[in-house]
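Undergrad: Quick one: the structure is below, questions incoming.
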Amino acid sequence: MTLDLRLAPMAAVTNAPFRLVARECGAGPLTSEEIDARALVAGNARTLELTRVLPGEQPVAMQLLGADPDVLAEAARRLEAAGADAIDLNMGCPVAKVVAKGQGAALMRDPLAAALILRTLRKAIGVPLTVKIRGGWDDRTVNAVEIARIAEREGVAALTVHPRTRSQQFAGVAPWEIVAAVVDAVRVPVVGNGDVRSAADAAAMMRATGCAAVMIGRGALGAPWIFRGAHVPRDERARIIRRHCALIETHLAPRLALVQTKKHLAWYCHGLAGAASAREALFRAPTAAAAQDVFWGLW
Ligand SMILES: Cc1cc2nc3c(=O)[nH]c(=O)nc-3n(C[C@H](O)[C@H](O)[C@H](O)COP(=O)(O)O)c2cc1C
């Protein structure tokens with residue numbers, strides 16, 4: 001069985017440096033973190049920063065968050081012009097202030113609005129359109145199959161399913177049987193997502209659901225070598241961590257680089273003896289270099 005392992009979009013995590021590291025470890029097609037369509041169209045500087053792609057990342061999809069079809073279409077056109085290889089619509093974000101605006105997972109409970117958005121996006125761009133959905137809004141309204149069929153009818157090239165409902169957030173176990181039901185219901189490739197922490201888990205998900213590829217989110221935090229699909233020796237892990245830190249320093253603005261270095265090094269501490277106190281020291285570190293000193297002292 002060939003494993004097509006992909007890095008899941010994660011806000012404030014899967015920026016260009018982390019995506020490139022994942023790609024260098026063997027990750028398949030990449031997806032940006034969610035990009036607010038309205039902020040992008042308004043020219044917000046921080047949002048524009050999210051659209052940056054590094055050489056070697058392609059193919060990379062840009063993921064849009066929004067609810068207004070015309071704003072989403074304009075944002076998608078701009079992302080396509082900027083070099084996005086695909087546009088992905090976020091229909092899974094559970095955050096209260098997002099769903100309050102009818103965006104993210106709120107689109108799961110408004111199939112008509114979702115269809116109109118997808119139709120408008122499909123007409124607006126030439127590159128493939130994809131969508132990332134949840135199982136549904138809550139356990140009384142599990143409708144991933146219905147939404148997937150609508151998305152297929154509206155011309156999406158593929159869809160990703162994180163089968164928890166919006167109400168579940170991250171609680172409980174991801175019900176992979178919903179991924180399987182979506183695979184059975186549509187002909188476009190389905191990417192399965194949820195609770196995959198190893199290549200063995202990914203193979204199990206592919207066997208259990210028939211999905212075409214597997215997307216890994218939390219399992220890649222502090223462990224981008226998961227995309228190798230095999231054991232990665234300690235010295236090679238160290239090389240990957242150094243490479244990641246160097247990419248952050250080179251490509252992110254200094255303030256963001258400091259935050260990202262600390263955040264990722266804290267994840268890389270996972271499993272090391274003394275990780276808890278090292279994390280505290282990491283977050284107190286005044287510079288990225290100081291944070292790295294703390295980390296390598298622990299390593
Ligand atoms: C910190 C964090 C940020 C996330 N941001 C996004 C996002 O921007 N877009 C999106 O579609 N999903 C987002 N997700 C959801 C993940 O893509 C994925 O669906 C979820 O974590 C389940 O997969 P996992 O069990 O492999 O982590 C985020 C998840 C986490 C943990």
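We name chains A, B, ... following the order of the structure tokens; residues begin at 1 in each chain, and ligands are numbered from 1 as shown.
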Counting only C-alpha atoms and all ligand atoms, what are the residues, protein, DNA or RNA alike, that approach ligand 1 to within 6 Å? I want them as a PDB file with C-alpha atoms, in the first residue's frame.
TA:
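Saved to out.pdb:
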ATOM      1  CA  ALA A   8      -3.056  19.153   7.799  1.00  0.00           C
ATOM      2  CA  PRO A   9      -3.622  22.908   7.747  1.00  0.00           C
ATOM      3  CA  MET A  10      -3.121  24.366  11.226  1.00  0.00           C
ATOM      4  CA  ALA A  11      -3.557  28.062  11.959  1.00  0.00           C
ATOM      5  CA  GLU A  33      -3.237  27.513   7.199  1.00  0.00           C
ATOM      6  CA  GLU A  34      -6.671  29.140   6.939  1.00  0.00           C
ATOM      7  CA  ASN A  90     -12.482  25.647   5.062  1.00  0.00           C
ATOM      8  CA  GLY A  92     -14.381  22.751   9.478  1.00  0.00           C
ATOM      9  CA  CYS A  93     -13.117  25.549  11.709  1.00  0.00           C
ATOM     10  CA  LYS A 132     -12.192  20.341   4.002  1.00  0.00           C
ATOM     11  CA  HIS A 162     -12.097  15.381   9.657  1.00  0.00           C
ATOM     12  CA  ASN A 193      -8.046  12.973   8.684  1.00  0.00           C
ATOM     13  CA  GLY A 194      -8.268  12.561  12.440  1.00  0.00           C
ATOM     14  CA  ASP A 195      -6.158  10.961  15.170  1.00  0.00           C
ATOM     15  CA  VAL A 196      -3.394   9.635  12.902  1.00  0.00           C
ATOM     16  CA  ILE A 216      -1.915  14.448   9.714  1.00  0.00           C
ATOM     17  CA  GLY A 217      -2.238  17.440  12.023  1.00  0.00           C
ATOM     18  CA  ARG A 218      -1.323  17.107  15.699  1.00  0.00           C
ATOM     19  CA  GLY A 219       0.739  14.000  15.002  1.00  0.00           C
TER      20      GLY A 219
END
Undergrad: Could you list, as an MDAnalysis selection string, every residue within 12 Å of Arg243 (chain A), counting only C-alpha atoms and ignoring same-chain residues fewer than 6 positions away?
TA: chainID A and resid 17:18 20:22 24:25 224 236:237 249:250 261
Undergrad: Would you save the residues from that selection as an mmCIF file, in the first residue's frame, using all heavy atoms?
TA:
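out-v7.cif, written as the output of this step:
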data_model
loop_
_atom_site.group_PDB
_atom_site.id
_atom_site.type_symbol
_atom_site.label_atom_id
_atom_site.label_comp_id
_atom_site.auth_asym_id
_atom_site.auth_seq_id
_atom_site.Cartn_x
_atom_site.Cartn_y
_atom_site.Cartn_z
ATOM 1 N N PRO A 17 7.769 27.757 6.478
ATOM 2 C CA PRO A 17 8.900 26.944 6.950
ATOM 3 C C PRO A 17 8.493 25.538 7.397
ATOM 4 O O PRO A 17 9.150 24.558 7.047
ATOM 5 C CB PRO A 17 9.452 27.764 8.130
ATOM 6 C CG PRO A 17 9.103 29.171 7.788
ATOM 7 C CD PRO A 17 7.747 29.080 7.133
ATOM 8 N N PHE A 18 7.399 25.436 8.149
ATOM 9 C CA PHE A 18 6.998 24.104 8.627
ATOM 10 C C PHE A 18 6.511 23.245 7.463
ATOM 11 O O PHE A 18 6.780 22.041 7.402
ATOM 12 C CB PHE A 18 5.922 24.216 9.712
ATOM 13 C CG PHE A 18 5.666 22.911 10.437
ATOM 14 C CD1 PHE A 18 6.716 22.175 10.970
ATOM 15 C CD2 PHE A 18 4.383 22.420 10.591
ATOM 16 C CE1 PHE A 18 6.489 20.967 11.643
ATOM 17 C CE2 PHE A 18 4.142 21.223 11.265
ATOM 18 C CZ PHE A 18 5.200 20.492 11.784
ATOM 19 N N LEU A 20 7.543 23.399 4.394
ATOM 20 C CA LEU A 20 8.696 22.949 3.607
ATOM 21 C C LEU A 20 9.425 21.804 4.318
ATOM 22 O O LEU A 20 9.852 20.835 3.677
ATOM 23 C CB LEU A 20 9.641 24.123 3.330
ATOM 24 C CG LEU A 20 10.834 23.813 2.423
ATOM 25 C CD1 LEU A 20 10.389 23.220 1.081
ATOM 26 C CD2 LEU A 20 11.668 25.069 2.174
ATOM 27 N N VAL A 21 9.538 21.907 5.642
ATOM 28 C CA VAL A 21 10.168 20.818 6.402
ATOM 29 C C VAL A 21 9.362 19.526 6.219
ATOM 30 O O VAL A 21 9.922 18.445 5.995
ATOM 31 C CB VAL A 21 10.278 21.199 7.899
ATOM 32 C CG1 VAL A 21 10.604 19.988 8.755
ATOM 33 C CG2 VAL A 21 11.354 22.264 8.080
ATOM 34 N N ALA A 22 8.029 19.659 6.290
ATOM 35 C CA ALA A 22 7.184 18.471 6.103
ATOM 36 C C ALA A 22 7.391 17.887 4.706
ATOM 37 O O ALA A 22 7.519 16.671 4.539
ATOM 38 C CB ALA A 22 5.713 18.834 6.317
ATOM 39 N N GLU A 24 10.043 18.175 2.834
ATOM 40 C CA GLU A 24 11.374 17.554 2.753
ATOM 41 C C GLU A 24 11.399 16.197 3.461
ATOM 42 O O GLU A 24 12.235 15.356 3.161
ATOM 43 C CB GLU A 24 12.430 18.506 3.332
ATOM 44 C CG GLU A 24 12.667 19.711 2.418
ATOM 45 C CD GLU A 24 13.574 20.775 3.021
ATOM 46 O OE1 GLU A 24 13.959 20.661 4.207
ATOM 47 O OE2 GLU A 24 13.887 21.740 2.307
ATOM 48 N N CYS A 25 10.466 16.010 4.398
ATOM 49 C CA CYS A 25 10.362 14.702 5.072
ATOM 50 C C CYS A 25 9.471 13.741 4.286
ATOM 51 O O CYS A 25 9.281 12.598 4.701
ATOM 52 C CB CYS A 25 9.804 14.878 6.482
ATOM 53 S SG CYS A 25 10.966 15.637 7.633
ATOM 54 N N PRO A 224 7.827 16.250 12.391
ATOM 55 C CA PRO A 224 7.557 16.277 10.940
ATOM 56 C C PRO A 224 8.110 15.045 10.227
ATOM 57 O O PRO A 224 7.693 14.735 9.115
ATOM 58 C CB PRO A 224 8.251 17.563 10.465
ATOM 59 C CG PRO A 224 9.262 17.885 11.513
ATOM 60 C CD PRO A 224 8.685 17.374 12.803
ATOM 61 N N GLU A 236 19.363 12.362 12.653
ATOM 62 C CA GLU A 236 18.611 12.902 11.519
ATOM 63 C C GLU A 236 17.477 13.813 12.035
ATOM 64 O O GLU A 236 17.185 14.854 11.446
ATOM 65 C CB GLU A 236 18.059 11.742 10.678
ATOM 66 C CG GLU A 236 17.151 12.137 9.527
ATOM 67 C CD GLU A 236 17.799 13.017 8.463
ATOM 68 O OE1 GLU A 236 18.999 13.338 8.574
ATOM 69 O OE2 GLU A 236 17.084 13.421 7.528
ATOM 70 N N ARG A 237 16.878 13.435 13.143
ATOM 71 C CA ARG A 237 15.857 14.312 13.747
ATOM 72 C C ARG A 237 16.481 15.656 14.114
ATOM 73 O O ARG A 237 15.892 16.712 13.876
ATOM 74 C CB ARG A 237 15.268 13.671 15.002
ATOM 75 C CG ARG A 237 14.467 12.435 14.716
ATOM 76 C CD ARG A 237 13.898 11.851 15.996
ATOM 77 N NE ARG A 237 13.228 10.598 15.709
ATOM 78 C CZ ARG A 237 12.255 10.078 16.434
ATOM 79 N NH1 ARG A 237 11.841 10.690 17.518
ATOM 80 N NH2 ARG A 237 11.694 8.940 16.094
ATOM 81 N N GLU A 249 14.054 31.381 10.852
ATOM 82 C CA GLU A 249 14.856 32.597 11.012
ATOM 83 C C GLU A 249 15.015 33.338 9.685
ATOM 84 O O GLU A 249 14.949 34.565 9.624
ATOM 85 C CB GLU A 249 16.229 32.220 11.569
ATOM 86 C CG GLU A 249 16.980 33.417 12.109
ATOM 87 C CD GLU A 249 18.337 33.020 12.672
ATOM 88 O OE1 GLU A 249 18.497 31.843 13.054
ATOM 89 O OE2 GLU A 249 19.218 33.887 12.699
ATOM 90 N N THR A 250 15.184 32.569 8.613
ATOM 91 C CA THR A 250 15.422 33.194 7.307
ATOM 92 C C THR A 250 14.153 33.807 6.720
ATOM 93 O O THR A 250 14.209 34.848 6.076
ATOM 94 C CB THR A 250 15.964 32.140 6.306
ATOM 95 O OG1 THR A 250 17.068 31.487 6.916
ATOM 96 C CG2 THR A 250 16.400 32.773 5.000
ATOM 97 N N THR A 261 9.744 29.890 16.695
ATOM 98 C CA THR A 261 10.868 29.072 17.169
ATOM 99 C C THR A 261 10.526 28.462 18.523
ATOM 100 O O THR A 261 10.681 27.255 18.744
ATOM 101 C CB THR A 261 12.149 29.931 17.291
ATOM 102 O OG1 THR A 261 12.441 30.487 16.013
ATOM 103 C CG2 THR A 261 13.337 29.100 17.750
#
Undergrad: For each of A:Ile178, A:Leu5, A:Val156, A:Leu64, take the minimum atom-to-atom distance to Val214 (chain A), counting only C-alpha atoms, then give the residue where this is smallest.
TA: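 Smallest distance to Val214 (chain A) is found for A:Leu5.
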Undergrad: What's the 12 Å shell around Thr287 (chain A), counting only C-alpha atoms, without same-chain residues fewer than 2 positions away, as a PyMOL selection string?
TA: chain A and resi 249+254-262+281-285+289-294
Undergrad: Can you check which residues of region 10-168 of chain A DSSP gives as helix (DSSP H, G or I) on the backbone and send them as a PyMOL selection string?
TA: chain A and resi 16-24+37-41+45-50+69-81+96-99+104-109+111-124+144-153
Undergrad: As a list in words, please: the residues near Ala84 (chain A) (cut-off 10 Å, only C-alpha atoms, same-chain neighbours under 5 positions excluded).
TA: Thr31, Ser32, Thr51, Arg52, Val53, Gln58, Pro59, Val60, Ala61, Met62, Gln63, Ala76, Arg77, Arg78, Leu79, Val127 and Pro128 of chain A
Undergrad: Using only N, CA, C and O atoms, please write the residues we just selected to a file, as an mmCIF file, in the first residue's frame.
TA:
data_model
loop_
_atom_site.group_PDB
_atom_site.id
_atom_site.type_symbol
_atom_site.label_atom_id
_atom_site.label_comp_id
_atom_site.auth_asym_id
_atom_site.auth_seq_id
_atom_site.Cartn_x
_atom_site.Cartn_y
_atom_site.Cartn_z
ATOM 1 N N THR A 31 -1.071 22.247 2.231
ATOM 2 C CA THR A 31 -2.161 23.225 2.329
ATOM 3 C C THR A 31 -1.738 24.299 3.309
ATOM 4 O O THR A 31 -1.192 23.988 4.374
ATOM 5 N N SER A 32 -2.006 25.548 2.964
ATOM 6 C CA SER A 32 -1.693 26.648 3.886
ATOM 7 C C SER A 32 -2.617 26.579 5.089
ATOM 8 O O SER A 32 -3.640 25.896 5.063
ATOM 9 N N THR A 51 0.272 34.145 2.708
ATOM 10 C CA THR A 51 0.156 33.599 1.352
ATOM 11 C C THR A 51 1.525 33.268 0.765
ATOM 12 O O THR A 51 1.621 32.789 -0.355
ATOM 13 N N ARG A 52 2.590 33.543 1.533
ATOM 14 C CA ARG A 52 3.930 33.304 1.018
ATOM 15 C C ARG A 52 4.236 31.822 0.864
ATOM 16 O O ARG A 52 3.933 31.032 1.747
ATOM 17 N N VAL A 53 4.817 31.466 -0.256
ATOM 18 C CA VAL A 53 5.175 30.073 -0.524
ATOM 19 C C VAL A 53 6.666 30.026 -0.818
ATOM 20 O O VAL A 53 7.190 30.888 -1.519
ATOM 21 N N GLN A 58 5.726 23.504 -3.671
ATOM 22 C CA GLN A 58 4.667 23.153 -4.613
ATOM 23 C C GLN A 58 4.579 21.634 -4.796
ATOM 24 O O GLN A 58 5.633 20.992 -4.791
ATOM 25 N N PRO A 59 3.403 21.062 -4.981
ATOM 26 C CA PRO A 59 2.121 21.760 -5.029
ATOM 27 C C PRO A 59 1.610 22.147 -3.641
ATOM 28 O O PRO A 59 1.696 21.364 -2.710
ATOM 29 N N VAL A 60 1.083 23.374 -3.567
ATOM 30 C CA VAL A 60 0.527 23.846 -2.303
ATOM 31 C C VAL A 60 -0.821 24.522 -2.554
ATOM 32 O O VAL A 60 -0.947 25.374 -3.436
ATOM 33 N N ALA A 61 -1.816 24.068 -1.798
ATOM 34 C CA ALA A 61 -3.145 24.681 -1.863
ATOM 35 C C ALA A 61 -3.207 25.801 -0.835
ATOM 36 O O ALA A 61 -2.555 25.731 0.207
ATOM 37 N N MET A 62 -3.971 26.832 -1.150
ATOM 38 C CA MET A 62 -4.217 27.900 -0.175
ATOM 39 C C MET A 62 -5.640 27.714 0.347
ATOM 40 O O MET A 62 -6.581 27.575 -0.447
ATOM 41 N N GLN A 63 -5.769 27.716 1.679
ATOM 42 C CA GLN A 63 -7.092 27.479 2.254
ATOM 43 C C GLN A 63 -7.774 28.784 2.635
ATOM 44 O O GLN A 63 -7.195 29.609 3.350
ATOM 45 N N ALA A 76 -9.887 34.076 -3.862
ATOM 46 C CA ALA A 76 -9.376 32.894 -4.578
ATOM 47 C C ALA A 76 -8.657 33.313 -5.859
ATOM 48 O O ALA A 76 -7.599 32.767 -6.190
ATOM 49 N N ARG A 77 -9.225 34.279 -6.574
ATOM 50 C CA ARG A 77 -8.563 34.766 -7.800
ATOM 51 C C ARG A 77 -7.183 35.316 -7.475
ATOM 52 O O ARG A 77 -6.213 35.069 -8.178
ATOM 53 N N ARG A 78 -7.107 36.071 -6.378
ATOM 54 C CA ARG A 78 -5.810 36.661 -6.006
ATOM 55 C C ARG A 78 -4.804 35.577 -5.629
ATOM 56 O O ARG A 78 -3.625 35.658 -5.963
ATOM 57 N N LEU A 79 -5.282 34.561 -4.911
ATOM 58 C CA LEU A 79 -4.365 33.483 -4.514
ATOM 59 C C LEU A 79 -3.898 32.697 -5.729
ATOM 60 O O LEU A 79 -2.740 32.302 -5.822
ATOM 61 N N VAL A 127 -7.535 26.786 -11.261
ATOM 62 C CA VAL A 127 -6.875 25.679 -10.553
ATOM 63 C C VAL A 127 -7.924 24.834 -9.820
ATOM 64 O O VAL A 127 -9.061 25.287 -9.627
ATOM 65 N N PRO A 128 -7.556 23.620 -9.409
ATOM 66 C CA PRO A 128 -8.532 22.773 -8.709
ATOM 67 C C PRO A 128 -9.073 23.424 -7.430
ATOM 68 O O PRO A 128 -8.358 24.148 -6.733
#
